[in-house]
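Trainee: Here it is, the structure in full.
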Amino acid sequence: MDGFLTLLYKEVLRFWKVSFQTVAAPVLTALLYLLIFSHVLEKHVKVYDTISYTAFLIPGLVMMSVLQNAFANSSSSLIQSKVTGNIIFMLLPPISYRQFFAAYVLAAVARGVVVGLGVLLVTLWFVDLPWRAPLWIVAFALLGSAILGALGMIAGIWAEKFDQLAVFQNFIIVPLTFLSGVFYSIHSLPIFWQQVSHFNPIFYMIDGFRYGFFGVSDVPPLLSLGIVGACFIVLTLFTLRLLKSGYKLRA
């Protein structure tokens with residue numbers, strides 16, 4: 001247990017010591033998105049009858065920031081350890097692969113939630129958001145960041161250099177987050193693209209998270225929660241299998 005707590009502390013401290021880069025910069029990026037999109041589209045886009053576009057946009061930006069930073073935390077930590085060669089010092093201590101997984105994912109959740117809270121706080125100056133179902137907000141934030149934390153571990157294990165990790169992030173994570181309904185409701189899309197969106201698991205994370213604020217969503221929140229929960233179980237089992245086998249971690 002001491003090894004798990006030490007590894008968790010090390011992973012949290014790793015991003016917190018450079019919080020200007022890992023927390024403040026993503027918050028500023030989300031704020032710029034809000035300023036630009038709300039200014040351009042506020043009077044031209046109406047998503048739900050009683051909700052302004054700016055209000056609709058904020059939960060999407062918060063969740064996008066949570067997911068992207070959770071992924072970045074675990075993936076960057078693993079690839080840095082592999083490239084510098086100090087991964088051996090984390091594999092030698094008597095820490096089980098389950099504890100190894102839990103420490104990395106919990107640290108990813110911590111960074112994602114901290115960034116998400118920062119984005120939420122700075123954007124609340126623009127509009128008053130309702131909080132219809134706070135437990136749904138917490139559930140989707142925690143599950144979503146845990147999923148991207150696990151996915152970040154998979155990417156960090158698979159990649160052997162930073163270029164490969166960048167490919168994973170730029171061609172998988174970024175497109176999935178941007179095409180998940182952050183800036184729009186999928187009901188505004190043609191039927192074909194609405195159907196395609198239902199194959200994007202990040203869409204369910206953002207739609208369920210947004211439901212917690214407004215009490216309305218593009219799909220039933222229970223369906224979103226079920227799909228997100230299933231994704232978490234599948235990715236957890238797959239990541240644990242990789243860690244147990246030592247794939248690309250042990251020489």
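Labels used: A, B, ... for chains in the order of the structure tokens, numbers from 1 for residues in each chain, and numbers from 1 for ligands as shown.
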For Leu34 in chain A, list every protein, DNA or RNA residue within 9 Å, evaluated using only C-alpha atoms, and leave out those in the same chain fewer than 3 positions away; present the list as a PyMOL selection string.
Mentor: chain A and resi 29-31+37-39+54+57-58+61+123
Trainee: Hey, what's within 12 Å of His198 in chain A if we count only C-alpha atoms and toss same-chain stuff fewer than 2 positions away? As a PyMOL selection string, please?
Mentor: chain A and resi 176+179-181+186-187+191-196+200-205+207+218-219+223-224+227
Trainee: Restricted to C-alpha atoms, what would the selected residues look like written as an mmCIF file, in the first residue's frame?
Mentor:
```cif
data_model
loop_
_atom_site.group_PDB
_atom_site.id
_atom_site.type_symbol
_atom_site.label_atom_id
_atom_site.label_comp_id
_atom_site.auth_asym_id
_atom_site.auth_seq_id
_atom_site.Cartn_x
_atom_site.Cartn_y
_atom_site.Cartn_z
ATOM 1 C CA LEU A 176 -12.882 12.115 -31.211
ATOM 2 C CA LEU A 179 -16.412 15.538 -33.157
ATOM 3 C CA SER A 180 -18.290 14.574 -29.995
ATOM 4 C CA GLY A 181 -20.748 17.446 -29.697
ATOM 5 C CA ILE A 186 -25.700 16.163 -33.044
ATOM 6 C CA HIS A 187 -29.349 16.825 -33.977
ATOM 7 C CA ILE A 191 -28.881 11.859 -40.400
ATOM 8 C CA PHE A 192 -25.791 9.982 -41.602
ATOM 9 C CA TRP A 193 -23.436 11.973 -39.366
ATOM 10 C CA GLN A 194 -25.834 11.675 -36.439
ATOM 11 C CA GLN A 195 -25.542 7.902 -36.758
ATOM 12 C CA VAL A 196 -21.766 8.090 -37.051
ATOM 13 C CA ASN A 200 -18.008 7.863 -30.704
ATOM 14 C CA PRO A 201 -17.823 7.002 -26.973
ATOM 15 C CA ILE A 202 -16.676 10.514 -26.084
ATOM 16 C CA PHE A 203 -20.002 11.831 -27.397
ATOM 17 C CA TYR A 204 -21.783 9.951 -24.593
ATOM 18 C CA MET A 205 -19.392 11.350 -21.970
ATOM 19 C CA ASP A 207 -23.750 14.499 -23.601
ATOM 20 C CA ASP A 218 -29.348 14.272 -27.157
ATOM 21 C CA VAL A 219 -29.628 10.676 -25.889
ATOM 22 C CA LEU A 223 -27.830 4.946 -22.003
ATOM 23 C CA SER A 224 -24.811 7.272 -21.939
ATOM 24 C CA ILE A 227 -21.957 2.911 -22.568
#
```
Trainee: Find, counting only C-alpha atoms, the residue in A:Gly60, A:Leu124, A:Gly156, A:Pro130 that gets nearest to Ser77 in chain A.
Mentor: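 Of A:Gly60, A:Leu124, A:Gly156, A:Pro130, the one nearest Ser77 in chain A, counting only C-alpha atoms, is A:Gly156.
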Trainee: Would you mind listing what lies within 7 Å of Phe71 in chain A as a JSON list (two decimals) with N, CA and C atoms, in the first residue's frame, with only C-alpha atoms counted and same-chain residues fewer than 6 positions away left out?
Mentor:
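To be explicit, this is the file written out as result32.json:
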```
[["chain", "number", "residue", "atom", "x", "y", "z"],
["A", 108, "ALA", "N", -4.36, 10.78, -13.26],
["A", 108, "ALA", "CA", -4.96, 11.35, -14.47],
["A", 108, "ALA", "C", -6.32, 11.97, -14.15],
["A", 148, "LEU", "N", -10.08, 8.06, -20.11],
["A", 148, "LEU", "CA", -8.98, 8.67, -20.88],
["A", 148, "LEU", "C", -7.64, 8.46, -20.18],
["A", 149, "GLY", "N", -7.66, 8.34, -18.84],
["A", 149, "GLY", "CA", -6.43, 7.99, -18.13],
["A", 149, "GLY", "C", -5.95, 6.60, -18.51],
["A", 151, "LEU", "N", -6.78, 5.02, -21.30],
["A", 151, "LEU", "CA", -6.39, 5.07, -22.71],
["A", 151, "LEU", "C", -5.01, 5.71, -22.85],
["A", 152, "GLY", "N", -4.72, 6.69, -22.01],
["A", 152, "GLY", "CA", -3.39, 7.28, -22.02],
["A", 152, "GLY", "C", -2.31, 6.28, -21.63]]
```
Trainee: Counting only C-alpha atoms, what is within 12 Å of Val122 in chain A, bar same-chain residues fewer than 4 positions away, as a ChimeraX atom specification?
Mentor: /A:24,26-32,34-35,58,61-62,115-118,126-128
Trainee: Would you mind exporting the chosen residues as a CSV table (one decimal), in the first residue's frame, restricted to C-alpha atoms?
Mentor:
```csv
chain,number,residue,atom,x,y,z
A,24,ALA,CA,-3.3,27.2,-16.4
A,26,PRO,CA,-5.5,24.4,-20.8
A,27,VAL,CA,-7.8,26.7,-18.9
A,28,LEU,CA,-6.6,29.6,-21.0
A,29,THR,CA,-7.1,27.6,-24.2
A,30,ALA,CA,-10.7,26.7,-23.2
A,31,LEU,CA,-11.4,30.4,-22.4
A,32,LEU,CA,-10.2,31.4,-25.9
A,34,LEU,CA,-15.4,30.2,-25.4
A,35,LEU,CA,-14.7,33.8,-26.3
A,58,ILE,CA,-19.4,25.7,-21.4
A,61,LEU,CA,-15.5,22.8,-23.1
A,62,VAL,CA,-15.2,21.7,-19.5
A,115,VAL,CA,-8.3,21.5,-15.1
A,116,GLY,CA,-12.1,21.0,-15.5
A,117,LEU,CA,-12.8,23.0,-12.3
A,118,GLY,CA,-10.5,25.7,-13.5
A,126,PHE,CA,-20.1,34.7,-18.7
A,127,VAL,CA,-23.3,33.0,-17.8
A,128,ASP,CA,-25.2,31.4,-14.9
```
Trainee: Quick one: DSSP helix (DSSP H, G or I) residues in range 29-217 of chain A, as a ChimeraX atom specification?
Mentor: /A:29-41,53-84,88-91,97-123,134-158,162-178,186-188,191-197,201-214
Trainee: What would the file look like if the residues just selected were written as a compact mmCIF listing (two decimals), in the first residue's frame with C-alpha atoms?
Mentor:
```txt
# COMPACT_ATOMS: atom_id res chain seq x y z
CA THR A 29 -7.14 27.56 -24.21
CA ALA A 30 -10.72 26.71 -23.21
CA LEU A 31 -11.40 30.35 -22.38
CA LEU A 32 -10.21 31.39 -25.86
CA TYR A 33 -12.51 28.80 -27.45
CA LEU A 34 -15.41 30.21 -25.45
CA LEU A 35 -14.66 33.83 -26.34
CA ILE A 36 -14.34 33.10 -30.05
CA PHE A 37 -17.24 30.66 -30.54
CA SER A 38 -19.69 32.48 -28.27
CA HIS A 39 -18.95 35.81 -29.94
CA VAL A 40 -19.38 34.43 -33.46
CA LEU A 41 -22.26 31.99 -32.96
CA TYR A 53 -25.38 28.83 -27.10
CA THR A 54 -22.80 30.14 -24.63
CA ALA A 55 -24.40 28.16 -21.79
CA PHE A 56 -24.57 25.07 -24.01
CA LEU A 57 -20.90 25.44 -24.96
CA ILE A 58 -19.44 25.71 -21.45
CA PRO A 59 -20.09 22.11 -20.23
CA GLY A 60 -18.68 20.78 -23.50
CA LEU A 61 -15.48 22.81 -23.09
CA VAL A 62 -15.17 21.72 -19.45
CA MET A 63 -15.52 18.05 -20.31
CA MET A 64 -13.21 18.32 -23.32
CA SER A 65 -10.55 19.82 -21.07
CA VAL A 66 -11.06 17.08 -18.48
CA LEU A 67 -10.68 14.30 -21.04
CA GLN A 68 -7.72 15.70 -22.96
CA ASN A 69 -5.72 16.45 -19.81
CA ALA A 70 -6.47 13.09 -18.21
CA PHE A 71 -5.13 11.41 -21.34
CA ALA A 72 -2.09 13.70 -21.45
CA ASN A 73 -1.16 12.99 -17.84
CA SER A 74 -0.86 9.21 -17.96
CA SER A 75 0.44 8.98 -21.53
CA SER A 76 3.17 11.61 -21.10
CA SER A 77 4.31 10.17 -17.78
CA LEU A 78 4.76 6.67 -19.17
CA ILE A 79 6.50 7.73 -22.36
CA GLN A 80 8.87 10.00 -20.44
CA SER A 81 9.75 7.16 -18.09
CA LYS A 82 10.37 4.81 -21.02
CA VAL A 83 12.45 7.28 -23.03
CA THR A 84 14.62 8.29 -20.05
CA ILE A 88 12.70 0.28 -14.30
CA PHE A 89 12.66 2.07 -10.95
CA MET A 90 8.86 1.91 -10.91
CA LEU A 91 8.75 -1.74 -11.96
CA TYR A 97 0.20 -4.16 -11.66
CA ARG A 98 -3.25 -3.31 -10.28
CA GLN A 99 -1.74 -0.72 -7.94
CA PHE A 100 0.39 0.60 -10.80
CA PHE A 101 -2.75 1.02 -12.90
CA ALA A 102 -4.74 2.62 -10.08
CA ALA A 103 -2.00 5.16 -9.27
CA TYR A 104 -1.68 6.34 -12.87
CA VAL A 105 -5.42 6.50 -13.49
CA LEU A 106 -6.17 8.32 -10.23
CA ALA A 107 -3.46 10.87 -10.98
CA ALA A 108 -4.96 11.35 -14.47
CA VAL A 109 -8.39 11.83 -12.90
CA ALA A 110 -6.93 14.37 -10.48
CA ARG A 111 -5.39 16.44 -13.27
CA GLY A 112 -8.50 16.21 -15.44
CA VAL A 113 -10.80 17.29 -12.60
CA VAL A 114 -8.50 20.15 -11.52
CA VAL A 115 -8.35 21.50 -15.09
CA GLY A 116 -12.11 21.03 -15.50
CA LEU A 117 -12.82 22.96 -12.31
CA GLY A 118 -10.50 25.72 -13.47
CA VAL A 119 -12.30 25.99 -16.81
CA LEU A 120 -15.69 25.97 -15.09
CA LEU A 121 -14.69 28.72 -12.67
CA VAL A 122 -13.38 31.11 -15.33
CA THR A 123 -16.33 30.52 -17.67
CA PRO A 134 -25.05 17.36 -9.86
CA LEU A 135 -24.47 13.64 -9.35
CA TRP A 136 -24.56 13.08 -13.10
CA ILE A 137 -21.94 15.80 -13.51
CA VAL A 138 -19.64 14.10 -10.99
CA ALA A 139 -20.24 10.61 -12.39
CA PHE A 140 -19.43 11.49 -15.99
CA ALA A 141 -16.44 13.66 -15.04
CA LEU A 142 -14.89 10.86 -12.97
CA LEU A 143 -15.71 8.04 -15.39
CA GLY A 144 -14.65 10.04 -18.43
CA SER A 145 -11.31 11.09 -16.95
CA ALA A 146 -10.66 7.52 -15.75
CA ILE A 147 -11.34 6.17 -19.26
CA LEU A 148 -8.98 8.67 -20.88
CA GLY A 149 -6.43 7.99 -18.13
CA ALA A 150 -6.54 4.29 -18.99
CA LEU A 151 -6.39 5.07 -22.71
CA GLY A 152 -3.39 7.28 -22.02
CA MET A 153 -1.67 4.35 -20.32
CA ILE A 154 -2.33 2.17 -23.37
CA ALA A 155 -0.86 4.86 -25.63
CA GLY A 156 2.14 5.33 -23.34
CA ILE A 157 2.78 1.58 -23.20
CA TRP A 158 2.46 1.17 -26.97
CA PHE A 162 7.17 10.96 -28.47
CA ASP A 163 6.37 11.02 -32.20
CA GLN A 164 4.27 7.87 -31.89
CA LEU A 165 2.43 9.29 -28.90
CA ALA A 166 1.70 12.47 -30.87
CA VAL A 167 0.19 10.37 -33.66
CA PHE A 168 -2.09 8.64 -31.16
CA GLN A 169 -3.20 11.95 -29.69
CA ASN A 170 -3.54 13.99 -32.89
CA PHE A 171 -5.26 11.34 -35.00
CA ILE A 172 -7.44 9.62 -32.39
CA ILE A 173 -8.00 11.66 -29.22
CA VAL A 174 -8.31 15.16 -30.70
CA PRO A 175 -10.70 14.17 -33.56
CA LEU A 176 -12.88 12.11 -31.21
CA THR A 177 -13.20 15.00 -28.74
CA PHE A 178 -13.82 17.69 -31.34
CA ILE A 186 -25.70 16.16 -33.04
CA HIS A 187 -29.35 16.83 -33.98
CA SER A 188 -28.07 19.72 -36.08
CA ILE A 191 -28.88 11.86 -40.40
CA PHE A 192 -25.79 9.98 -41.60
CA TRP A 193 -23.44 11.97 -39.37
CA GLN A 194 -25.83 11.67 -36.44
CA GLN A 195 -25.54 7.90 -36.76
CA VAL A 196 -21.77 8.09 -37.05
CA SER A 197 -21.62 10.19 -33.86
CA PRO A 201 -17.82 7.00 -26.97
CA ILE A 202 -16.68 10.51 -26.08
CA PHE A 203 -20.00 11.83 -27.40
CA TYR A 204 -21.78 9.95 -24.59
CA MET A 205 -19.39 11.35 -21.97
CA ILE A 206 -20.02 14.93 -23.04
CA ASP A 207 -23.75 14.50 -23.60
CA GLY A 208 -24.23 12.89 -20.19
CA PHE A 209 -22.08 15.54 -18.52
CA ARG A 210 -24.13 18.30 -20.16
CA TYR A 211 -27.34 16.62 -18.99
CA GLY A 212 -26.20 17.16 -15.40
CA PHE A 213 -26.39 20.93 -15.96
CA PHE A 214 -29.50 21.34 -18.10
```
Trainee: Report, in Å to a single decimal, how far apart CA of Val228 in chain A and CA of Lys10 in chain A are.
Mentor: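 Going from CA of Lys10 in chain A over to CA of Val228 in chain A, I get 28.2 Å.
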Trainee: Pick the closest to Ile95 in chain A from A:Thr50, A:Gln21, A:Ser185, A:Thr6: which is it, counting only C-alpha atoms?
Mentor: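 Among the listed residues, A:Thr6 lies closest to Ile95 in chain A.
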